[in-house]
Each structure stands twice: as C-alpha cells, then as structure tokens.
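Trainee: Data file upload_12.cif (mmCIF, C-alpha atoms and all ligand atoms) is appended below.
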```cif
data_target
loop_
_atom_site.label_atom_id
_atom_site.label_comp_id
_atom_site.auth_asym_id
_atom_site.auth_seq_id
_atom_site.Cartn_x
_atom_site.Cartn_y
_atom_site.Cartn_z
CA MET A 107 30.21 -23.76 5.32
CA GLN A 108 30.55 -20.18 4.05
CA ALA A 109 27.20 -18.46 3.61
CA LYS A 110 26.25 -17.56 0.04
CA VAL A 111 23.91 -14.82 1.21
CA VAL A 112 24.68 -12.17 3.82
CA VAL A 113 21.90 -10.01 5.23
CA VAL A 114 22.97 -6.75 6.87
CA GLY A 115 19.97 -5.36 8.69
CA SER A 116 17.46 -5.31 11.48
CA LEU A 117 16.13 -7.74 14.05
CA ASN A 118 12.90 -6.78 15.83
CA MET A 119 10.54 -8.42 18.25
CA ASP A 120 7.07 -7.94 16.77
CA LEU A 121 4.26 -7.18 19.23
CA VAL A 122 1.16 -7.91 17.18
CA ALA A 123 -2.42 -6.93 17.96
CA ARG A 124 -5.26 -7.97 15.68
CA ALA A 125 -8.40 -5.82 15.60
CA GLN A 126 -11.40 -5.44 13.29
CA ARG A 127 -9.94 -2.19 11.98
CA LEU A 128 -6.94 0.07 12.51
CA PRO A 129 -7.39 2.76 15.21
CA ARG A 130 -7.86 6.40 14.28
CA PRO A 131 -5.58 9.05 15.86
CA GLY A 132 -6.50 9.52 19.52
CA GLU A 133 -8.77 6.47 19.56
CA THR A 134 -8.57 3.52 21.96
CA LEU A 135 -9.76 0.40 20.22
CA ALA A 136 -10.44 -3.08 21.63
CA GLY A 137 -8.37 -5.72 19.85
CA GLU A 138 -9.04 -9.43 19.48
CA THR A 139 -5.71 -11.22 19.83
CA PHE A 140 -2.13 -10.43 20.80
CA PHE A 141 1.09 -12.33 20.17
CA THR A 142 4.84 -11.77 20.18
CA VAL A 143 6.97 -13.17 17.35
CA PRO A 144 10.48 -12.61 15.98
CA GLY A 145 10.58 -10.21 13.04
CA GLY A 146 12.55 -7.31 11.62
CA LYS A 147 13.01 -6.94 7.89
CA GLY A 148 16.63 -8.10 7.94
CA ALA A 149 16.02 -11.13 10.14
CA ASN A 150 12.87 -12.06 8.22
CA GLN A 151 14.80 -11.99 4.95
CA ALA A 152 17.56 -14.13 6.44
CA VAL A 153 14.99 -16.67 7.68
CA ALA A 154 13.36 -16.72 4.24
CA VAL A 155 16.70 -17.45 2.55
CA ALA A 156 17.44 -20.25 5.03
CA ARG A 157 14.00 -21.89 4.81
CA LEU A 158 13.98 -21.64 1.03
CA GLY A 159 17.25 -23.45 0.52
CA GLY A 160 20.05 -20.87 0.81
CA SER A 161 22.97 -20.65 3.24
CA VAL A 162 22.89 -17.30 5.00
CA ALA A 163 24.69 -15.17 7.57
CA MET A 164 23.14 -12.27 9.50
CA VAL A 165 24.97 -9.09 10.46
CA GLY A 166 23.06 -6.87 12.89
CA ASN A 167 22.53 -5.91 16.52
CA VAL A 168 20.21 -6.80 19.35
CA GLY A 169 19.94 -5.26 22.82
CA ASP A 170 21.00 -6.95 26.06
CA ASP A 171 17.44 -7.95 26.94
CA ALA A 172 15.36 -11.12 26.78
CA TYR A 173 14.07 -10.18 23.32
CA GLY A 174 17.66 -10.06 22.05
CA GLU A 175 18.31 -13.62 23.19
CA GLN A 176 15.05 -14.80 21.62
CA LEU A 177 15.75 -13.03 18.33
CA ARG A 178 19.18 -14.59 18.03
CA ALA A 179 17.88 -18.03 19.00
CA ALA A 180 15.17 -17.78 16.34
CA LEU A 181 17.86 -17.36 13.68
CA GLU A 182 20.20 -20.01 15.07
CA VAL A 183 17.45 -22.62 14.99
CA GLU A 184 17.19 -22.03 11.22
CA GLY A 185 20.91 -22.71 10.78
CA ILE A 186 21.72 -19.04 10.13
CA ASP A 187 25.28 -17.95 10.89
CA CYS A 188 24.87 -15.41 13.73
CA GLU A 189 28.55 -14.63 14.30
CA GLY A 190 27.79 -11.12 13.03
CA VAL A 191 24.90 -10.46 15.44
CA GLY A 192 26.20 -8.17 18.17
CA VAL A 193 24.72 -7.39 21.59
CA CYS A 194 24.51 -3.70 22.58
CA GLU A 195 24.78 -3.21 26.32
CA GLY A 196 22.24 -1.02 28.08
CA VAL A 197 20.05 -0.81 24.99
CA SER A 198 16.73 -2.48 24.13
CA SER A 199 16.34 -4.77 21.17
CA GLY A 200 14.40 -3.41 18.22
CA VAL A 201 10.65 -3.76 18.56
CA ALA A 202 7.82 -3.36 16.09
CA LEU A 203 4.32 -2.55 17.30
CA ILE A 204 2.05 -4.02 14.63
CA THR A 205 -1.72 -3.73 14.28
CA VAL A 206 -3.45 -5.97 11.73
CA ASP A 207 -7.07 -5.40 10.71
CA ALA A 208 -9.76 -7.82 9.52
CA SER A 209 -8.85 -7.21 5.88
CA SER A 210 -5.19 -8.12 6.65
CA GLN A 211 -3.86 -4.57 6.28
CA ASN A 212 -1.27 -3.60 8.85
CA CYS A 213 0.40 -0.55 10.29
CA ILE A 214 3.73 -0.72 12.06
CA VAL A 215 5.64 1.52 14.49
CA ILE A 216 9.29 0.59 14.91
CA VAL A 217 11.59 1.46 17.80
CA PRO A 218 15.09 0.65 16.51
CA GLY A 219 16.94 -0.11 19.78
CA GLY A 220 20.15 -1.98 18.94
CA ASN A 221 19.45 -1.78 15.20
CA GLY A 222 20.07 1.96 15.42
CA LEU A 223 23.60 1.33 16.70
CA LEU A 224 24.82 -0.84 13.83
CA THR A 225 27.82 1.10 12.53
CA PRO A 226 29.78 0.67 9.30
CA GLN A 227 32.74 -0.41 11.47
CA ALA A 228 30.64 -3.19 13.00
CA VAL A 229 29.82 -4.53 9.53
CA GLN A 230 33.42 -4.11 8.41
CA ARG A 231 34.48 -6.52 11.17
CA PHE A 232 32.63 -9.21 9.22
CA ASP A 233 34.13 -8.33 5.88
CA ALA A 234 35.16 -11.98 5.46
CA LEU A 235 31.45 -12.87 5.31
CA LEU A 236 30.89 -10.27 2.60
CA GLN A 237 33.90 -11.52 0.67
CA ALA A 238 32.65 -15.11 0.73
CA ALA A 239 29.06 -14.26 -0.22
CA GLU A 240 27.42 -14.24 -3.65
CA VAL A 241 24.50 -12.03 -2.67
CA ILE A 242 24.33 -9.22 -0.10
CA ILE A 243 20.95 -7.88 1.08
CA CYS A 244 20.26 -4.60 2.90
CA GLN A 245 17.11 -2.77 4.01
CA LEU A 246 16.60 0.64 5.65
CA GLU A 247 15.97 -0.28 9.29
CA VAL A 248 19.63 0.31 10.26
CA PRO A 249 21.54 3.62 10.00
CA ALA A 250 21.92 5.07 6.52
CA ASP A 251 25.72 5.31 6.69
CA THR A 252 25.87 1.58 7.44
CA VAL A 253 23.64 0.79 4.46
CA ALA A 254 25.76 3.09 2.28
CA TRP A 255 29.00 1.41 3.36
CA THR A 256 27.62 -2.09 2.82
CA LEU A 257 26.23 -1.31 -0.63
CA ALA A 258 29.53 0.25 -1.71
CA ARG A 259 31.58 -2.63 -0.32
CA GLY A 260 29.35 -5.25 -1.90
CA HIS A 261 29.64 -3.50 -5.24
CA GLU A 262 33.41 -3.16 -4.88
CA LEU A 263 33.64 -6.91 -4.21
CA GLY A 264 31.57 -7.65 -7.32
CA LYS A 265 28.70 -9.25 -5.37
CA ARG A 266 25.04 -9.16 -6.35
CA VAL A 267 23.71 -6.40 -4.12
CA ILE A 268 20.00 -6.21 -3.25
CA LEU A 269 18.51 -3.17 -1.52
CA ASN A 270 15.00 -3.53 -0.15
CA PRO A 271 14.27 0.19 0.37
CA ALA A 272 11.99 -0.33 3.34
CA PRO A 273 10.85 1.67 5.14
CA ALA A 274 11.28 4.45 2.53
CA THR A 275 10.74 8.07 3.49
CA GLY A 276 12.04 9.78 0.35
CA PRO A 277 14.53 9.51 -2.49
CA LEU A 278 17.70 7.46 -1.92
CA PRO A 279 21.04 9.29 -1.81
CA PRO A 280 22.07 9.40 -5.50
CA GLU A 281 25.50 7.90 -4.80
CA TRP A 282 23.83 4.67 -3.57
CA LEU A 283 22.08 3.81 -6.82
CA PRO A 284 25.08 2.64 -8.88
CA HIS A 285 25.97 0.21 -6.08
CA ILE A 286 22.61 -1.59 -6.25
CA ASP A 287 22.06 -4.52 -8.62
CA TYR A 288 18.45 -5.17 -7.58
CA LEU A 289 16.29 -2.47 -6.00
CA THR A 290 13.04 -3.97 -4.67
CA PRO A 291 10.45 -1.36 -3.61
CA ASN A 292 6.76 -2.07 -3.11
CA GLU A 293 4.22 0.44 -4.45
CA SER A 294 4.42 2.93 -1.59
CA GLU A 295 8.20 2.70 -1.44
CA ALA A 296 8.46 3.27 -5.20
CA GLU A 297 6.31 6.39 -4.69
CA ALA A 298 8.52 7.63 -1.86
CA LEU A 299 11.69 7.04 -3.90
CA THR A 300 10.45 8.74 -7.07
CA GLY A 301 7.64 11.13 -6.14
CA LEU A 302 5.43 9.38 -8.74
CA VAL A 303 2.07 7.85 -7.86
CA VAL A 304 2.46 4.06 -8.18
CA ASN A 305 -0.69 1.95 -8.20
CA ASP A 306 -0.53 -0.28 -11.27
CA GLU A 307 1.84 -1.86 -13.76
CA ALA A 308 2.22 1.24 -15.95
CA SER A 309 2.98 3.59 -13.07
CA ALA A 310 5.36 1.01 -11.55
CA ARG A 311 7.20 0.87 -14.88
CA ALA A 312 7.55 4.66 -14.96
CA ALA A 313 8.93 4.70 -11.41
CA ALA A 314 11.33 1.84 -12.13
CA GLN A 315 12.60 3.57 -15.26
CA GLN A 316 13.32 6.70 -13.26
CA LEU A 317 15.31 4.60 -10.75
CA LEU A 318 17.26 2.93 -13.59
CA GLN A 319 18.11 6.34 -15.00
CA LEU A 320 19.43 7.34 -11.59
CA GLY A 321 21.81 4.37 -11.71
CA ALA A 322 20.11 1.30 -10.17
CA GLY A 323 21.02 -1.89 -12.05
CA LYS A 324 17.57 -3.53 -12.12
CA VAL A 325 14.33 -2.80 -10.32
CA ILE A 326 11.64 -5.18 -9.06
CA VAL A 327 8.47 -3.38 -7.98
CA THR A 328 6.30 -5.67 -5.88
CA LEU A 329 2.61 -4.90 -6.36
CA GLY A 330 0.95 -7.27 -3.87
CA ALA A 331 -1.97 -9.10 -5.49
CA GLN A 332 -1.09 -7.37 -8.79
CA GLY A 333 2.18 -9.30 -9.00
CA ALA A 334 5.68 -7.93 -9.59
CA LEU A 335 7.23 -5.85 -12.32
CA PHE A 336 10.86 -6.51 -13.27
CA VAL A 337 12.54 -3.66 -15.14
CA SER A 338 16.10 -3.74 -16.50
CA PRO A 339 17.90 -1.73 -19.20
CA GLU A 340 16.87 -4.52 -21.62
CA GLY A 341 13.12 -4.13 -20.98
CA SER A 342 10.42 -5.13 -18.51
CA SER A 343 8.41 -8.22 -17.59
CA HIS A 344 5.33 -8.58 -15.42
CA TYR A 345 4.95 -11.60 -13.12
CA PRO A 346 1.36 -12.22 -11.95
CA ALA A 347 0.91 -13.14 -8.29
CA PRO A 348 -0.46 -16.56 -7.31
CA LYS A 349 -4.07 -16.14 -6.14
CA VAL A 350 -4.50 -16.73 -2.41
CA LYS A 351 -6.74 -15.57 0.42
CA ALA A 352 -4.55 -13.17 2.43
CA LEU A 353 -4.77 -13.37 6.21
CA ASP A 354 -1.75 -11.25 7.18
CA THR A 355 0.68 -9.57 4.77
CA THR A 356 3.40 -8.93 7.39
CA ALA A 357 6.77 -10.13 6.03
CA ALA A 358 5.37 -10.98 2.58
CA GLY A 359 7.89 -8.64 0.98
CA ASP A 360 10.67 -10.10 3.13
CA THR A 361 9.69 -13.62 2.08
CA PHE A 362 9.74 -12.56 -1.58
CA ILE A 363 13.23 -11.07 -1.26
CA GLY A 364 14.59 -14.06 0.66
CA GLY A 365 13.10 -16.42 -1.91
CA PHE A 366 14.49 -14.36 -4.78
CA ALA A 367 17.99 -14.40 -3.25
CA ALA A 368 17.79 -18.12 -2.43
CA GLY A 369 16.73 -18.75 -6.02
CA LEU A 370 19.63 -16.73 -7.42
CA VAL A 371 22.23 -18.62 -5.38
CA ARG A 372 20.63 -21.92 -6.46
CA GLY A 373 21.36 -20.86 -10.02
CA LEU A 374 17.85 -19.87 -11.12
CA GLU A 375 17.48 -17.24 -13.84
CA GLU A 376 16.21 -13.88 -12.58
CA GLY A 377 12.67 -14.52 -13.85
CA GLU A 378 12.56 -17.96 -12.25
CA ALA A 379 13.90 -16.54 -8.98
CA ILE A 380 11.19 -13.85 -9.01
CA ALA A 381 8.45 -16.44 -9.58
CA PHE A 382 9.92 -18.61 -6.82
CA GLY A 383 9.94 -15.67 -4.40
CA GLN A 384 6.34 -14.88 -5.35
CA ARG A 385 5.19 -18.43 -4.61
CA ALA A 386 6.84 -18.30 -1.20
CA ALA A 387 5.35 -14.85 -0.45
CA ALA A 388 1.89 -16.02 -1.54
CA LEU A 389 2.03 -18.85 0.98
CA SER A 390 3.30 -16.51 3.71
CA VAL A 391 0.25 -14.23 3.49
CA THR A 392 -2.06 -17.14 4.27
CA ARG A 393 -0.44 -17.33 7.73
CA VAL A 394 -0.16 -15.01 10.67
CA GLY A 395 2.96 -13.22 11.95
CA ALA A 396 6.39 -12.43 10.51
CA GLN A 397 8.89 -15.30 10.83
CA PRO A 398 6.25 -17.97 11.63
CA SER A 399 4.56 -17.25 8.29
CA ILE A 400 7.66 -17.86 6.13
CA PRO A 401 7.40 -21.23 4.32
CA TYR A 402 9.99 -23.98 3.96
CA LEU A 403 11.17 -25.19 0.56
CA GLU A 404 9.33 -28.51 0.97
CA GLU A 405 6.01 -26.65 1.26
CA LEU A 406 6.26 -25.12 -2.21
CA ASP A 407 5.06 -27.10 -5.20
CA PRO A 408 7.96 -28.48 -7.22
O1 LIG B 1 8.54 -6.43 6.99
C1 LIG B 1 7.91 -6.82 8.19
C2 LIG B 1 8.71 -6.39 9.35
O2 LIG B 1 8.73 -4.99 9.41
C3 LIG B 1 8.17 -6.83 10.68
O3 LIG B 1 8.61 -8.11 11.07
C4 LIG B 1 8.59 -5.72 11.62
O4 LIG B 1 9.55 -6.10 12.54
C5 LIG B 1 9.09 -4.61 10.71
O5 LIG B 1 10.44 -4.52 10.72
#
```
Before we go any further, please render this structure as structure tokens.
Mentor:
Amino acid sequence: MQAKVVVVGSLNMDLVARAQRLPRPGETLAGETFFTVPGGKGANQAVAVARLGGSVAMVGNVGDDAYGEQLRAALEVEGIDCEGVGVCEGVSSGVALITVDASSQNCIVIVPGGNGLLTPQAVQRFDALLQAAEVIICQLEVPADTVAWTLARGHELGKRVILNPAPATGPLPPEWLPHIDYLTPNESEAEALTGLVVNDEASARAAAQQLLQLGAGKVIVTLGAQGALFVSPEGSSHYPAPKVKALDTTAAGDTFIGGFAAGLVRGLEEGEAIAFGQRAAALSVTRVGAQPSIPYLEELDP
C-alpha cells in the first residue's frame, strides 16, 4: 500500500536521565533514573501517524551502529515503510541527550550523526513516495538544503506540506514560506521565527500573522497547556488543551503533528484534525519517553 504521509526527517536514540531539577552550567547533579528509547522528531512524527491510523513512510538516515538497527526496527514494528531509511557507513546514529526534571520540563542536546548526512539527492531517490503521498512532513533536524528541497518538491507536486520548525534558531529562509501549507511552531519556536515574545494567545496570533504575511499558508502555534492557535488568511481559532497531569512532555509536539496529519488523511476538517492531535498529545504527556509515550488510536475516546 502506498503511504499517504511521508516524513522526511530525523531518527535519534534518546538517552534520558530524570532528575529533581535540570543541572546548572558546570554542575554535576545526581539523577534518579536512566533509560534509552527511540526518538527523533521525524521518527516520532512517523510513529504518531502510524499509531493514530495513517499509512506512513519515513525518509531519513541512521548510522551503521546498534542504535541505527534499533531505530529502524522500532519503525518497522509500527508498519512504517522504511525503504527510505538509509545507513551511513562509519557514522553514528543521531542521539539526543535528554534531562527531564520533576516538573516534567526537559532540555535536550542533539548530536545529528547520520541525520546530518541526509542530502536532497537522497530524498530525491524516493520521489515516488512523495508523488504518492497526500501529506509531507519535515522538521529541522536534518540539513537545511534537504528541508528546502523537500518543501519545494512537495509544493510543486501539490501535496499538503507541513513544516514543524523544530529546533528553531532564527527566522526561516524567506523562500521556504510559500512552500509551506501548515507551519507548526510552539511558543519558543514562534519567538525564534519572528523575534516577537510569544507567551499567550494574543502574542501567538501576532507571530502567526507575521508568518502568514511572509508567505506561510496557515500557522498552528502550539501553546502547551494553553492549547493551540490556528491562524489562516480567513481568521483564527483557539483550541483549548485537554486537562491532564503532565509527567514528561518529550514528543508531545511530535504526537500532535502526527495526529494532525493522520486526521487530515482520514478526511477530518482542519479543526477536527487539530483537536484529534491535541487529544493524542495530551495522552502522550502522561507517559514517559518519546516513542513509548505516543498513543494508539484505540486509546483515544471515540
Ligand atoms: O521532539 C522530541 C525529540 O526531540 C526527541 O525524541 C529527541 O530525539 C529530539 O529529537
């Protein structure tokens, strides 16, 4: 079966330490638990699509190490098409060093490994996947020229193109914006993209309007417990977040995006797909780790 969603992006092994608080610079801090789980924004989003009812293919790279085999296996077990996952010889797989504190905040250091070697040509080899897809999703954990090529190709093919601008370090190249149908920053990413302070619905709306003026089709600013703001040229709508007790927010944004994409390809309206993604993300934050926290369709209320 041809996948309706293609994710072009990163695969990381997450090395997760939980501690009462995050360490200060120069400090050595005793943690409480440690575990290793498959993650990476791209892979997490692909897993979310698959678990939430969508067919999905992954295009990315791992290294020729044990983590690479585990990362690929974690996707295959979900029924994700991994034909587009390459193995880079003599290179490590991507890793993310994650510390989570008692209030469920996290900080993450990423070493890209094979993700950093994903070229536009490598994605182009899987153009048939892009042609067959309805939705194409990118993030910013692979090289910028690869993201740029994929966004442009997706737009040229008339697909619905989602960019999750994470991690964001500054404004996007202006030529990218017209190729993006849905731009999905969180608060800090919206700040990085626009230079505006974003901490509530009004400031999120201002940032989203700036991004629309720059050429993005529609913008969804995810605001954590404050919900999500959807802004299009026709207007804006706020979607409150389901109330839950958060244990670990890692991959909550990825779960939202995967749920949103899975909803779109199931034929949901945009607003319904946003609410569906929010319900999935809300469940994910009640669990620990990246891919293990992502719920299955059957776990969501009808
Ligand atoms: O979005 C969460 C992800 O960010 C983690 O799984 C980690 O790998 C980093 O890429």
Trainee: Residues contacting ligand LIG 1 (chain B) - anything with an atom at most 7 Å away, using all atoms listed in the file - can you give me those as a PyMOL selection string?
Mentor: chain A and resi 117-120+144-147+150+201-202+214+216+356-357+359-360+396
Trainee: To one decimal place, how far is atom CA of Leu128 of chain A from atom CA of Asp207 of chain A in Å?
Mentor: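 Interatomic distance, atom CA of Leu128 of chain A to atom CA of Asp207 of chain A: 5.8 Å.
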Trainee: Write out as a PyMOL selection string each polymer residue whose atoms come within 12 Å of Ser390 of chain A, counting only C-alpha atoms; drop sequence neighbours fewer than 2 positions from it.
Mentor: chain A and resi 150+154+348+350-362+364-365+383-388+392-402+405-406
Trainee: Using all atoms listed in the file and a cutoff of 10 Å, can you tell me which residues are near (19.5, -19.5, 2.3) in the file's coordinates, and write them out as number ranges by chain?
Mentor: A: 109-112, 151-163, 184-186, 364-365, 367-369, 371-372
Trainee: Using all atoms listed in the file, pick whichever of A:Leu389, A:Gly330, A:Pro284, A:Leu335 has the shortest atom-to-atom distance to Leu317 of chain A.
Mentor: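 The answer is A:Pro284, which sits nearest to Leu317 of chain A.
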Trainee: Provide the atom CA of Glu240 of chain A to atom CA of Leu289 of chain A distance in Å, to one decimal place.
Mentor: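 Interatomic distance here is 16.4 Å.
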